[in-house]
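Coordinates from my_file28.tsv are shown below (TSV, C-alpha atoms).
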```tsv
chain	number	residue	atom	x	y	z
A	14	MET	CA	129.83	127.34	111.69
A	15	LYS	CA	126.39	128.56	110.65
A	16	ASN	CA	124.04	129.45	113.50
A	17	ASN	CA	120.59	127.96	113.15
A	18	ILE	CA	118.20	129.82	115.40
A	19	LEU	CA	114.81	128.54	116.49
A	20	LEU	CA	112.16	131.04	117.54
A	21	LEU	CA	109.33	129.62	119.64
A	22	GLY	CA	106.27	131.86	119.91
A	23	GLY	CA	106.61	133.58	116.57
A	24	THR	CA	102.94	134.57	116.41
A	25	GLY	CA	103.05	136.49	119.70
A	26	THR	CA	103.79	140.19	120.13
A	27	LEU	CA	107.54	139.84	120.72
A	28	GLY	CA	108.07	136.88	118.40
A	29	SER	CA	106.38	138.55	115.46
A	30	GLN	CA	108.53	141.66	115.94
A	31	ILE	CA	111.69	139.52	116.01
A	32	ILE	CA	110.68	137.95	112.70
A	33	LYS	CA	109.78	141.32	111.21
A	34	SER	CA	113.12	142.85	112.28
A	35	LYS	CA	115.14	140.40	110.16
A	36	VAL	CA	117.99	140.80	112.71
A	37	PHE	CA	118.68	137.06	112.88
A	38	LEU	CA	120.02	135.14	109.92
A	39	ASN	CA	118.93	131.52	109.60
A	40	LEU	CA	115.91	132.10	111.83
A	41	LYS	CA	113.41	129.26	111.85
A	42	TYR	CA	109.96	129.95	113.27
A	43	PRO	CA	107.69	126.96	112.78
A	44	SER	CA	104.01	127.31	113.54
A	45	LYS	CA	102.56	125.92	116.76
A	46	LYS	CA	100.92	123.23	114.64
A	47	LYS	CA	104.31	122.13	113.30
A	48	LEU	CA	106.22	122.45	116.59
A	49	ASN	CA	104.17	122.50	119.79
A	50	ILE	CA	106.19	123.00	123.00
A	51	LEU	CA	103.86	120.60	124.78
A	52	LYS	CA	105.14	117.72	122.62
A	53	LYS	CA	108.67	116.91	123.79
A	54	ASN	CA	109.36	114.28	121.13
A	55	LYS	CA	108.57	116.82	118.39
A	56	ILE	CA	110.95	119.35	119.94
A	57	GLU	CA	113.77	116.80	120.13
A	58	LYS	CA	113.22	115.74	116.53
A	59	TYR	CA	113.13	119.35	115.31
A	60	LEU	CA	116.33	120.30	117.18
A	61	PHE	CA	118.08	117.22	115.85
A	62	ASN	CA	116.94	117.54	112.22
A	63	ASN	CA	117.59	121.28	111.95
A	64	ASN	CA	120.95	121.44	113.77
A	65	ILE	CA	119.71	124.23	116.07
A	66	ASN	CA	122.36	126.21	118.00
A	67	LEU	CA	120.17	128.80	119.71
A	68	ILE	CA	116.55	128.88	120.86
A	69	LEU	CA	114.64	132.11	121.47
A	70	HIS	CA	111.82	130.95	123.75
A	71	CYS	CA	109.00	133.51	123.54
A	72	ALA	CA	106.16	130.97	123.61
A	73	ALA	CA	103.85	131.49	126.58
A	74	LEU	CA	100.35	132.14	127.76
A	75	ALA	CA	101.06	135.79	128.55
A	76	ARG	CA	97.67	137.39	129.02
A	77	VAL	CA	97.47	137.92	132.78
A	78	LYS	CA	93.67	137.69	133.00
A	79	GLU	CA	93.64	134.46	130.99
A	80	CYS	CA	96.32	132.98	133.28
A	81	GLU	CA	94.23	133.88	136.35
A	82	LEU	CA	91.11	132.28	134.85
A	83	ASN	CA	92.92	129.20	133.46
A	84	LYS	CA	95.67	128.38	135.95
A	85	ASN	CA	96.12	124.82	134.69
A	86	ILE	CA	96.55	125.95	131.09
A	87	ALA	CA	99.03	128.64	132.18
A	88	LYS	CA	100.98	126.02	134.12
A	89	LYS	CA	100.85	123.57	131.22
A	90	ILE	CA	102.17	126.05	128.65
A	91	ASN	CA	104.51	128.25	130.69
A	92	ILE	CA	106.00	125.61	132.99
A	93	ASN	CA	105.57	122.22	131.31
A	94	GLY	CA	106.31	123.64	127.86
A	95	THR	CA	109.53	125.18	129.16
A	96	ARG	CA	110.42	121.91	130.88
A	97	ASN	CA	109.96	120.07	127.56
A	98	ILE	CA	112.33	122.49	125.84
A	99	VAL	CA	114.98	122.15	128.54
A	100	LYS	CA	114.71	118.34	128.61
A	101	SER	CA	115.05	118.28	124.82
A	102	ILE	CA	118.16	120.47	124.95
A	103	LEU	CA	119.69	118.20	127.61
A	104	LYS	CA	118.92	115.11	125.53
A	105	ILE	CA	120.60	116.62	122.45
A	106	LYS	CA	123.60	117.52	124.60
A	107	LYS	CA	123.86	113.97	125.93
A	108	ASN	CA	123.35	112.21	122.59
A	109	ARG	CA	125.15	114.63	120.29
A	110	LYS	CA	127.63	116.26	122.68
A	111	LYS	CA	126.24	119.60	121.53
A	112	ASP	CA	125.20	122.55	123.69
A	113	ILE	CA	122.19	124.52	122.52
A	114	LYS	CA	121.88	127.98	124.02
A	115	LEU	CA	118.48	129.09	125.31
A	116	VAL	CA	117.20	132.65	125.59
A	117	PHE	CA	114.15	132.55	127.87
A	118	ILE	CA	111.76	135.48	127.83
A	119	SER	CA	110.47	135.92	131.35
A	120	SER	CA	108.63	138.86	132.91
A	121	ASP	CA	108.97	141.57	135.52
A	122	ALA	CA	105.86	139.97	137.05
A	123	VAL	CA	108.31	137.78	139.02
A	124	TYR	CA	108.84	140.81	141.31
A	125	PRO	CA	106.28	141.90	143.93
A	126	SER	CA	105.30	145.04	141.95
A	127	VAL	CA	105.36	147.43	144.89
A	128	LYS	CA	108.24	149.78	144.04
A	129	GLY	CA	109.47	149.41	140.44
A	130	ASN	CA	113.01	149.71	139.00
A	131	TYR	CA	113.91	146.23	140.21
A	132	LYS	CA	117.39	144.73	139.96
A	133	GLU	CA	118.29	141.08	139.36
A	134	THR	CA	119.32	140.84	143.01
A	135	ASP	CA	115.94	142.01	144.35
A	136	ARG	CA	113.59	139.59	146.07
A	137	LEU	CA	111.37	137.59	143.76
A	138	SER	CA	107.72	137.37	144.73
A	139	PRO	CA	105.26	137.02	141.84
A	140	TYR	CA	101.97	138.82	142.35
A	141	ASN	CA	99.90	136.79	139.88
A	142	VAL	CA	99.69	133.36	138.23
A	143	TYR	CA	101.51	134.56	135.12
A	144	GLY	CA	104.48	135.78	137.19
A	145	TRP	CA	104.55	132.56	139.18
A	146	THR	CA	104.62	130.43	136.02
A	147	LYS	CA	107.43	132.54	134.54
A	148	LEU	CA	109.45	132.24	137.76
A	149	GLU	CA	108.99	128.47	137.73
A	150	GLY	CA	110.12	128.51	134.09
A	151	GLU	CA	113.25	130.42	135.11
A	152	LYS	CA	114.09	127.75	137.69
A	153	ILE	CA	113.80	125.06	135.02
A	154	VAL	CA	115.96	127.00	132.54
A	155	LYS	CA	118.71	127.32	135.16
A	156	LYS	CA	119.31	123.56	134.83
A	157	LEU	CA	121.09	124.35	131.57
A	158	LYS	CA	124.68	125.45	131.26
A	159	LYS	CA	124.11	128.00	128.49
A	160	TYR	CA	121.10	130.25	128.99
A	161	ILE	CA	120.00	133.86	129.23
A	162	ILE	CA	116.87	134.96	131.08
A	163	ILE	CA	115.35	138.25	129.97
A	164	ARG	CA	112.75	139.80	132.25
A	165	THR	CA	110.71	142.13	130.07
```

What does this structure look like when you write it as structure tokens?
Amino acid sequence: MKNNILLLGGTGTLGSQIIKSKVFLNLKYPSKKKLNILKKNKIEKYLFNNNINLILHCAALARVKECELNKNIAKKININGTRNIVKSILKIKKNRKKDIKLVFISSDAVYPSVKGNYKETDRLSPYNVYGWTKLEGEKIVKKLKKYIIIRT
């Protein structure tokens, strides 16, 4: 079976490097205009029409200062956008009996940032709005059966 991979956030730093690397075959990376994570119905339609097996979710408001100044926008993109993706995956699973795997790009900002070299088992305590929104995104992603969370 051919893997169809959807990259969300292809214009960002990480997303653009993933595209440039050409590591993934059958990588689809629609523009934000074509597939906005804030529009759940568009996500569902895209997943359905393109037979997506794996999503690389790099889309986020990642500039810390901007998140601090625009908390509602950070919440909307980083939390609600992630929720829309997860709900869309769950809907496809229910209607099509198909599991879509999700790779969620999180952040080390979910840790308190007092010692460094954190482990997955260390206490989570975000020190800024960006970290808090990524931690909330992680909680949403954990509703899925097949996911990977990467804390960069």

In Å, with one decimal, what is the gap from atom CA of Lys88 of chain A to atom CA of Lys45 of chain A? 17.4 Å

Mind dumping a table of every segment 92-125 of chain A residue within 7 Å of segment 64-68 of chain A, with the nearest atom pair and its distance in Å to one decimal, using all atoms listed in the file, sorted by chain and rising number, as CSV?
```
residue,atom,partner,partner_atom,distance
A:Ile113,CA,A:Asn66,CA,4.8
A:Lys114,CA,A:Leu67,CA,4.7
A:Leu115,CA,A:Ile68,CA,4.9
A:Val116,CA,A:Ile68,CA,6.1
```

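Reported to one decimal place, the separation of atom CA of Gly94 of chain A from atom CA of Lys78 of chain A is 19.6 Å.
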
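When only C-alpha atoms are used to compute distances to Lys159 of chain A, the closest of the residues A:Ala122, A:Val127, A:Leu103, A:Leu74 turns out to be A:Leu103.
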
Contacts of segment 143-152 of chain A at 6 Å or less, counting all atoms listed in the file, minus same-chain residues fewer than 6 places along, as a PyMOL selection string? chain A and resi 77+80+91-92+95+119+122-123

Please indicate the distance in Å from atom CA of Glu79 of chain A to atom CA of Leu27 of chain A, rounded to one decimal place. 18.1 Å

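Comparing the minimum interatomic distances between Lys158 of chain A and each of A:Ile50, A:Leu21, A:Val99, A:Leu40, counting only C-alpha atoms, we find that A:Val99 sits nearest.
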
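When only C-alpha atoms are used to compute distances to Phe37 of chain A, the closest of the residues A:Leu69, A:Lys53, A:Pro139, A:Tyr59 turns out to be A:Leu69.
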
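Each of A:Ile105, A:Ile118, A:Ser126, A:Lys15 was checked against Cys71 of chain A using all atoms listed in the file; the smallest atom-to-atom distance is that of A:Ile118.
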
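Each of A:Asn49, A:Thr134, A:Asn141, A:Ser44 was compared to Lys84 of chain A using only C-alpha atoms, and A:Asn141 turns out to be the nearest.
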
Surrounding residues of Gly23 of chain A excluding itself and chain neighbours under 2 positions, 10 Å, all atoms listed in the file, as a PyMOL selection string: chain A and resi 19-21+25-33+41-45+69-72

Top pick for closest residue to Phe61 of chain A, considering A:Ile153, A:Ile161, A:Leu48, A:Ile102 and counting only C-alpha atoms: A:Ile102
